[in-house]
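As structure tokens, the structure follows; a few thoughts come after it.
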Amino acid sequence: MRVLGIETSCDETGIAIYDSENGLLGHALHSQVAMHAEYGGVVPELASRDHVQKTLPLIRQVLDETGLKSDDIDGVAYTAGPGLVGALMVGAGIGRSLAYAWDVPAVAVHHMEGHLLAPMLEDEPPEFPFVALLVSGGHTQLVKVGSIGQYELLGESLDDAAGEAFDKTAKLLGLGYPGGPALARMAEQGNPDRFRFPRPMTDRPGLDFSFSGLKTFALNTMHAEYLDDQTRADIALAFEVAVVETLAIKCKRALKQTGLSRLIIAGGVSANQRLRTRLAEVCEKENASVYYPRLQFCTDNGAMIAFAGCQRLMVGERQGLDFSTRARWPMEELAAV
């Protein structure tokens, strides 16, 4: 089954075609980072308008690059949530309309399920069951995954997501948008012995997260110091290490609590090299394996939507002619495949 995937949940337009027998056939991505950088963050109205301009041209591009025509597509998958409603409506409207015009089924895909399944696109995908750490600008969650659609939420952020805290702290340091990668680059020049930031909510049981206080701690440190370039780098490093250690501690707890030996990391923050190194160390000590999507599939992309949609289309899921999008959508509401 060949499935066209459309991702327009926020500030990236992603298109891909996935074949159930031959894997990923082609994909393309347009990022709006340069447009939103001027404003220091995503402007929802501008994001929606850009998706309107870019989605159909990208679909034509991927079809041309793969040598396929509309007659070769067996289904359409589009992101229906969570995300920015206006942006989601663009992809959902185009996706459902194309499916109707091409006389093929359509399916609405959960954005975070797409991220969770992104490691399945790799040559050595993880086997079920596993623990998933979904860590991005909008979400930080630990999920026990029994199979596709069989999800048990183990813990989540009670305030800022990790990626959001990265971006906000980067902004406090005077760095550009997106802040997470910029902060990580600055942290490479930091002195690890100068500052130690707290590891939030690790001194109590449980698997929930909280990162807003860590951002405040960084701000208070900035106010207490003379902010030359070295001090900013030292603060960036202390902040990054604190986030990474907090995530690592909770992942270790989740593996022990579930008795599982496989951990997958997905979402934009999963591209952070310090996090990858630290979790590899944790898993080695716990006799567990860790899996990631390739770097280009850590952030939002069409490939993960095409793959997730293909799995659901193959078991008969279908979206009617009516469609809707959801800014918030608990993943536990999804049906098991």
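Within each chain, counting starts at residue 1; across the structure tokens, chains are named A, B, ... in the order shown, with ligands numbered 1 upward in that order.
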
> If you count only C-alpha atoms, which residues fall within 6 Å of region 262-273 of chain A, apart from same-chain ones fewer than 2 positions away, as a list in words?
Replying inline: His115, Leu116, Phe130, Val131, Ala132, Leu133, Leu134, Val135, Ser136, Leu260, Leu275, Arg276, Ala288, Ser289, Val290, Tyr291, Tyr292, Leu295, Cys298 and Thr299 of chain A

Same residues, N, CA, C and O atoms, output as a PDB file, in the first residue's frame:
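See out.pdb below for the written result:
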ATOM      1  N   HIS A 115       5.541  10.821  15.754  1.00  0.00           N
ATOM      2  CA  HIS A 115       6.875  10.912  16.348  1.00  0.00           C
ATOM      3  C   HIS A 115       7.269   9.595  17.014  1.00  0.00           C
ATOM      4  O   HIS A 115       8.400   9.115  16.865  1.00  0.00           O
ATOM      5  N   LEU A 116       6.329   9.017  17.751  1.00  0.00           N
ATOM      6  CA  LEU A 116       6.621   7.785  18.486  1.00  0.00           C
ATOM      7  C   LEU A 116       7.033   6.655  17.548  1.00  0.00           C
ATOM      8  O   LEU A 116       7.905   5.835  17.880  1.00  0.00           O
ATOM      9  N   PHE A 130       7.963  -1.346  24.323  1.00  0.00           N
ATOM     10  CA  PHE A 130       9.073  -0.480  24.717  1.00  0.00           C
ATOM     11  C   PHE A 130       8.561   0.741  25.465  1.00  0.00           C
ATOM     12  O   PHE A 130       7.355   1.007  25.498  1.00  0.00           O
ATOM     13  N   VAL A 131       9.480   1.441  26.075  1.00  0.00           N
ATOM     14  CA  VAL A 131       9.182   2.740  26.698  1.00  0.00           C
ATOM     15  C   VAL A 131       9.573   3.820  25.706  1.00  0.00           C
ATOM     16  O   VAL A 131      10.646   3.748  25.094  1.00  0.00           O
ATOM     17  N   ALA A 132       8.724   4.826  25.532  1.00  0.00           N
ATOM     18  CA  ALA A 132       9.012   5.926  24.621  1.00  0.00           C
ATOM     19  C   ALA A 132       9.111   7.230  25.402  1.00  0.00           C
ATOM     20  O   ALA A 132       8.228   7.540  26.216  1.00  0.00           O
ATOM     21  N   LEU A 133      10.178   7.974  25.162  1.00  0.00           N
ATOM     22  CA  LEU A 133      10.297   9.346  25.653  1.00  0.00           C
ATOM     23  C   LEU A 133      10.016  10.265  24.471  1.00  0.00           C
ATOM     24  O   LEU A 133      10.784  10.313  23.512  1.00  0.00           O
ATOM     25  N   LEU A 134       8.888  10.956  24.527  1.00  0.00           N
ATOM     26  CA  LEU A 134       8.522  11.918  23.486  1.00  0.00           C
ATOM     27  C   LEU A 134       8.867  13.294  24.011  1.00  0.00           C
ATOM     28  O   LEU A 134       8.264  13.774  24.980  1.00  0.00           O
ATOM     29  N   VAL A 135       9.841  13.917  23.392  1.00  0.00           N
ATOM     30  CA  VAL A 135      10.372  15.159  23.948  1.00  0.00           C
ATOM     31  C   VAL A 135      10.549  16.175  22.831  1.00  0.00           C
ATOM     32  O   VAL A 135      11.338  15.984  21.907  1.00  0.00           O
ATOM     33  N   SER A 136       9.749  17.251  22.911  1.00  0.00           N
ATOM     34  CA  SER A 136       9.727  18.245  21.846  1.00  0.00           C
ATOM     35  C   SER A 136       9.409  19.613  22.430  1.00  0.00           C
ATOM     36  O   SER A 136       9.384  19.797  23.650  1.00  0.00           O
ATOM     37  N   LEU A 260      10.830  -3.224  31.199  1.00  0.00           N
ATOM     38  CA  LEU A 260      11.159  -3.326  29.782  1.00  0.00           C
ATOM     39  C   LEU A 260      12.632  -3.011  29.541  1.00  0.00           C
ATOM     40  O   LEU A 260      13.292  -2.363  30.363  1.00  0.00           O
ATOM     41  N   LEU A 275      21.975  14.575  25.103  1.00  0.00           N
ATOM     42  CA  LEU A 275      20.918  13.668  25.552  1.00  0.00           C
ATOM     43  C   LEU A 275      21.149  12.270  24.995  1.00  0.00           C
ATOM     44  O   LEU A 275      21.000  11.274  25.717  1.00  0.00           O
ATOM     45  N   ARG A 276      21.505  12.172  23.725  1.00  0.00           N
ATOM     46  CA  ARG A 276      21.745  10.854  23.120  1.00  0.00           C
ATOM     47  C   ARG A 276      22.889  10.128  23.824  1.00  0.00           C
ATOM     48  O   ARG A 276      22.790   8.928  24.116  1.00  0.00           O
ATOM     49  N   ALA A 288      19.844  -2.307  28.610  1.00  0.00           N
ATOM     50  CA  ALA A 288      18.717  -1.981  27.737  1.00  0.00           C
ATOM     51  C   ALA A 288      19.241  -1.418  26.424  1.00  0.00           C
ATOM     52  O   ALA A 288      20.415  -1.049  26.309  1.00  0.00           O
ATOM     53  N   SER A 289      18.366  -1.347  25.434  1.00  0.00           N
ATOM     54  CA  SER A 289      18.711  -0.788  24.123  1.00  0.00           C
ATOM     55  C   SER A 289      17.965   0.522  23.921  1.00  0.00           C
ATOM     56  O   SER A 289      16.816   0.661  24.348  1.00  0.00           O
ATOM     57  N   VAL A 290      18.604   1.466  23.233  1.00  0.00           N
ATOM     58  CA  VAL A 290      17.971   2.746  22.965  1.00  0.00           C
ATOM     59  C   VAL A 290      17.913   2.972  21.458  1.00  0.00           C
ATOM     60  O   VAL A 290      18.844   2.613  20.729  1.00  0.00           O
ATOM     61  N   TYR A 291      16.797   3.532  20.992  1.00  0.00           N
ATOM     62  CA  TYR A 291      16.562   3.739  19.560  1.00  0.00           C
ATOM     63  C   TYR A 291      16.143   5.191  19.313  1.00  0.00           C
ATOM     64  O   TYR A 291      15.427   5.784  20.122  1.00  0.00           O
ATOM     65  N   TYR A 292      16.582   5.721  18.172  1.00  0.00           N
ATOM     66  CA  TYR A 292      16.213   7.072  17.764  1.00  0.00           C
ATOM     67  C   TYR A 292      15.838   7.069  16.286  1.00  0.00           C
ATOM     68  O   TYR A 292      16.311   6.234  15.523  1.00  0.00           O
ATOM     69  N   LEU A 295      18.340  11.972  12.320  1.00  0.00           N
ATOM     70  CA  LEU A 295      18.221  13.367  12.728  1.00  0.00           C
ATOM     71  C   LEU A 295      17.158  14.120  11.938  1.00  0.00           C
ATOM     72  O   LEU A 295      16.418  14.931  12.497  1.00  0.00           O
ATOM     73  N   CYS A 298      13.732  13.665  13.424  1.00  0.00           N
ATOM     74  CA  CYS A 298      13.467  14.026  14.818  1.00  0.00           C
ATOM     75  C   CYS A 298      12.441  15.154  14.882  1.00  0.00           C
ATOM     76  O   CYS A 298      11.515  15.127  15.690  1.00  0.00           O
ATOM     77  N   THR A 299      12.623  16.167  14.025  1.00  0.00           N
ATOM     78  CA  THR A 299      11.655  17.249  13.964  1.00  0.00           C
ATOM     79  C   THR A 299      10.456  16.815  13.123  1.00  0.00           C
ATOM     80  O   THR A 299      10.432  15.718  12.563  1.00  0.00           O
TER      81      THR A 299
END

> Can you tell me, as a list in words, what residues are no more than 10 Å from Arg49 (chain A) when counting only C-alpha atoms, ignoring any on the same chain fewer than 4 positions away?
Replying inline: Pro44, Glu45, Gln53, Lys54, Gly86, Ala87 and Val90 of chain A

>> At a cut-off of 12 Å, using only C-alpha atoms, what residues contact region 193-204 of chain A? Leave out same-chain residues fewer than 4 positions from it and give the result as a PyMOL selection string.
In response: chain A and resi 155-160+162+208-222+225+230-253

Output of the above residues as a tab-separated table (two decimals), in the first residue's frame, restricted to N, CA and C atoms:
chain	number	residue	atom	x	y	z
A	155	GLY	N	4.13	9.35	32.51
A	155	GLY	CA	4.45	10.65	33.11
A	155	GLY	C	4.54	11.70	32.03
A	156	GLU	N	4.34	12.96	32.41
A	156	GLU	CA	4.41	14.06	31.46
A	156	GLU	C	4.78	15.34	32.19
A	157	SER	N	5.09	16.36	31.43
A	157	SER	CA	5.45	17.64	32.03
A	157	SER	C	4.20	18.32	32.58
A	158	LEU	N	4.32	18.86	33.77
A	158	LEU	CA	3.21	19.56	34.40
A	158	LEU	C	3.15	21.02	34.00
A	159	ASP	N	4.18	21.50	33.30
A	159	ASP	CA	4.20	22.89	32.84
A	159	ASP	C	4.90	22.94	31.49
A	160	ASP	N	6.06	23.61	31.41
A	160	ASP	CA	6.78	23.71	30.15
A	160	ASP	C	7.29	22.35	29.70
A	162	ALA	N	10.19	20.20	27.67
A	162	ALA	CA	11.64	20.40	27.67
A	162	ALA	C	12.08	21.32	26.53
A	208	ASP	N	6.60	12.21	36.38
A	208	ASP	CA	6.22	13.50	35.81
A	208	ASP	C	7.43	14.44	35.76
A	209	PHE	N	7.30	15.47	34.95
A	209	PHE	CA	8.38	16.44	34.75
A	209	PHE	C	7.89	17.85	35.08
A	210	SER	N	8.84	18.75	35.35
A	210	SER	CA	8.54	20.16	35.49
A	210	SER	C	9.81	20.94	35.12
A	211	PHE	N	9.69	21.82	34.14
A	211	PHE	CA	10.87	22.55	33.68
A	211	PHE	C	10.76	24.06	33.83
A	212	SER	N	9.59	24.58	34.23
A	212	SER	CA	9.45	26.04	34.33
A	212	SER	C	10.34	26.61	35.43
A	213	GLY	N	10.48	25.88	36.56
A	213	GLY	CA	11.34	26.36	37.64
A	213	GLY	C	12.80	26.40	37.23
A	214	LEU	N	13.20	25.48	36.36
A	214	LEU	CA	14.58	25.46	35.89
A	214	LEU	C	14.88	26.70	35.06
A	215	LYS	N	13.90	27.12	34.27
A	215	LYS	CA	14.04	28.35	33.49
A	215	LYS	C	14.19	29.55	34.44
A	216	THR	N	13.40	29.57	35.52
A	216	THR	CA	13.49	30.66	36.50
A	216	THR	C	14.84	30.66	37.20
A	217	PHE	N	15.35	29.46	37.49
A	217	PHE	CA	16.67	29.34	38.12
A	217	PHE	C	17.74	29.93	37.20
A	218	ALA	N	17.62	29.66	35.91
A	218	ALA	CA	18.57	30.23	34.95
A	218	ALA	C	18.49	31.75	34.93
A	219	LEU	N	17.26	32.29	34.97
A	219	LEU	CA	17.07	33.74	34.97
A	219	LEU	C	17.68	34.36	36.22
A	220	ASN	N	17.46	33.76	37.38
A	220	ASN	CA	18.03	34.29	38.62
A	220	ASN	C	19.55	34.25	38.59
A	221	THR	N	20.11	33.21	37.98
A	221	THR	CA	21.57	33.12	37.85
A	221	THR	C	22.09	34.23	36.96
A	222	MET	N	21.39	34.52	35.89
A	222	MET	CA	21.79	35.62	35.01
A	222	MET	C	21.79	36.95	35.74
A	225	GLU	N	24.90	37.43	38.03
A	225	GLU	CA	26.23	37.37	37.43
A	225	GLU	C	26.43	38.49	36.41
A	230	GLN	N	31.48	34.17	28.29
A	230	GLN	CA	31.80	32.93	28.97
A	230	GLN	C	30.73	32.55	29.99
A	231	THR	N	30.23	33.55	30.72
A	231	THR	CA	29.18	33.28	31.70
A	231	THR	C	27.91	32.78	31.02
A	232	ARG	N	27.55	33.36	29.90
A	232	ARG	CA	26.37	32.89	29.16
A	232	ARG	C	26.56	31.45	28.71
A	233	ALA	N	27.77	31.11	28.26
A	233	ALA	CA	28.05	29.73	27.86
A	233	ALA	C	27.99	28.79	29.06
A	234	ASP	N	28.49	29.24	30.21
A	234	ASP	CA	28.46	28.41	31.41
A	234	ASP	C	27.02	28.15	31.87
A	235	ILE	N	26.18	29.18	31.78
A	235	ILE	CA	24.77	29.02	32.15
A	235	ILE	C	24.07	28.09	31.16
A	236	ALA	N	24.36	28.25	29.88
A	236	ALA	CA	23.76	27.37	28.86
A	236	ALA	C	24.11	25.92	29.12
A	237	LEU	N	25.36	25.66	29.46
A	237	LEU	CA	25.79	24.30	29.73
A	237	LEU	C	25.11	23.74	30.97
A	238	ALA	N	25.06	24.53	32.04
A	238	ALA	CA	24.43	24.05	33.28
A	238	ALA	C	22.95	23.75	33.06
A	239	PHE	N	22.30	24.58	32.25
A	239	PHE	CA	20.89	24.34	31.96
A	239	PHE	C	20.71	23.07	31.14
A	240	GLU	N	21.51	22.92	30.08
A	240	GLU	CA	21.39	21.75	29.23
A	240	GLU	C	21.65	20.47	30.01
A	241	VAL	N	22.68	20.47	30.83
A	241	VAL	CA	23.02	19.28	31.62
A	241	VAL	C	21.88	18.94	32.58
A	242	ALA	N	21.28	19.96	33.19
A	242	ALA	CA	20.18	19.73	34.13
A	242	ALA	C	18.99	19.08	33.44
A	243	VAL	N	18.64	19.57	32.25
A	243	VAL	CA	17.52	18.98	31.50
A	243	VAL	C	17.85	17.54	31.12
A	244	VAL	N	19.04	17.33	30.59
A	244	VAL	CA	19.43	16.00	30.14
A	244	VAL	C	19.45	15.01	31.31
A	245	GLU	N	20.02	15.42	32.44
A	245	GLU	CA	20.08	14.53	33.60
A	245	GLU	C	18.68	14.22	34.12
A	246	THR	N	17.80	15.21	34.12
A	246	THR	CA	16.42	14.98	34.56
A	246	THR	C	15.74	13.96	33.67
A	247	LEU	N	15.87	14.11	32.37
A	247	LEU	CA	15.27	13.16	31.43
A	247	LEU	C	15.87	11.77	31.60
A	248	ALA	N	17.18	11.71	31.81
A	248	ALA	CA	17.85	10.41	31.97
A	248	ALA	C	17.39	9.70	33.24
A	249	ILE	N	17.26	10.44	34.33
A	249	ILE	CA	16.81	9.85	35.59
A	249	ILE	C	15.41	9.26	35.45
A	250	LYS	N	14.52	10.02	34.79
A	250	LYS	CA	13.14	9.55	34.63
A	250	LYS	C	13.06	8.37	33.66
A	251	CYS	N	13.88	8.37	32.63
A	251	CYS	CA	13.90	7.22	31.70
A	251	CYS	C	14.36	5.96	32.42
A	252	LYS	N	15.37	6.09	33.25
A	252	LYS	CA	15.86	4.94	34.01
A	252	LYS	C	14.76	4.40	34.93
A	253	ARG	N	14.04	5.32	35.58
A	253	ARG	CA	12.94	4.89	36.44
A	253	ARG	C	11.86	4.18	35.64

>> Quick check for you: according to DSSP on this backbone, which residues of region 143-249 of chain A are classed as alpha helix (DSSP H)? Reply as a PyMOL selection string.
In response: chain A and resi 162-172+179-187+212-224+229-249

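Residue nearest Arg274 (chain A), chosen from A:Ala187, A:Gln257, A:Met331, A:Gly206 and counting only C-alpha atoms: A:Ala187.
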
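The nearest approach to His139 (chain A) among the residues A:Arg328, A:Gly320, A:Met186, A:Leu121, with only C-alpha atoms taken into account, belongs to A:Arg328.
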
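Minimum atom-to-atom distance to Phe323 (chain A), evaluated using only C-alpha atoms, belongs to A:Val107 out of A:Leu4, A:Val42, A:Ile73, A:Val107.
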
>> List the spatial neighbours of Leu313 (chain A) as a list in words - criterion: any atom at most 8 Å away, only C-alpha atoms, same-chain residues fewer than 2 positions off excluded.
In response: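 The contact residues come out as Gly75, Pro105, Ala106, Val107, Gly309, Cys310, Gln311, Val315, Gly316, Glu317 and Arg318 of chain A.
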
> Can you tell me how far CA of Pro126 (chain A) sits from CA of Cys283 (chain A), in Å to one decimal?
Replying inline: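 Between these atoms lies a distance of 14.1 Å.
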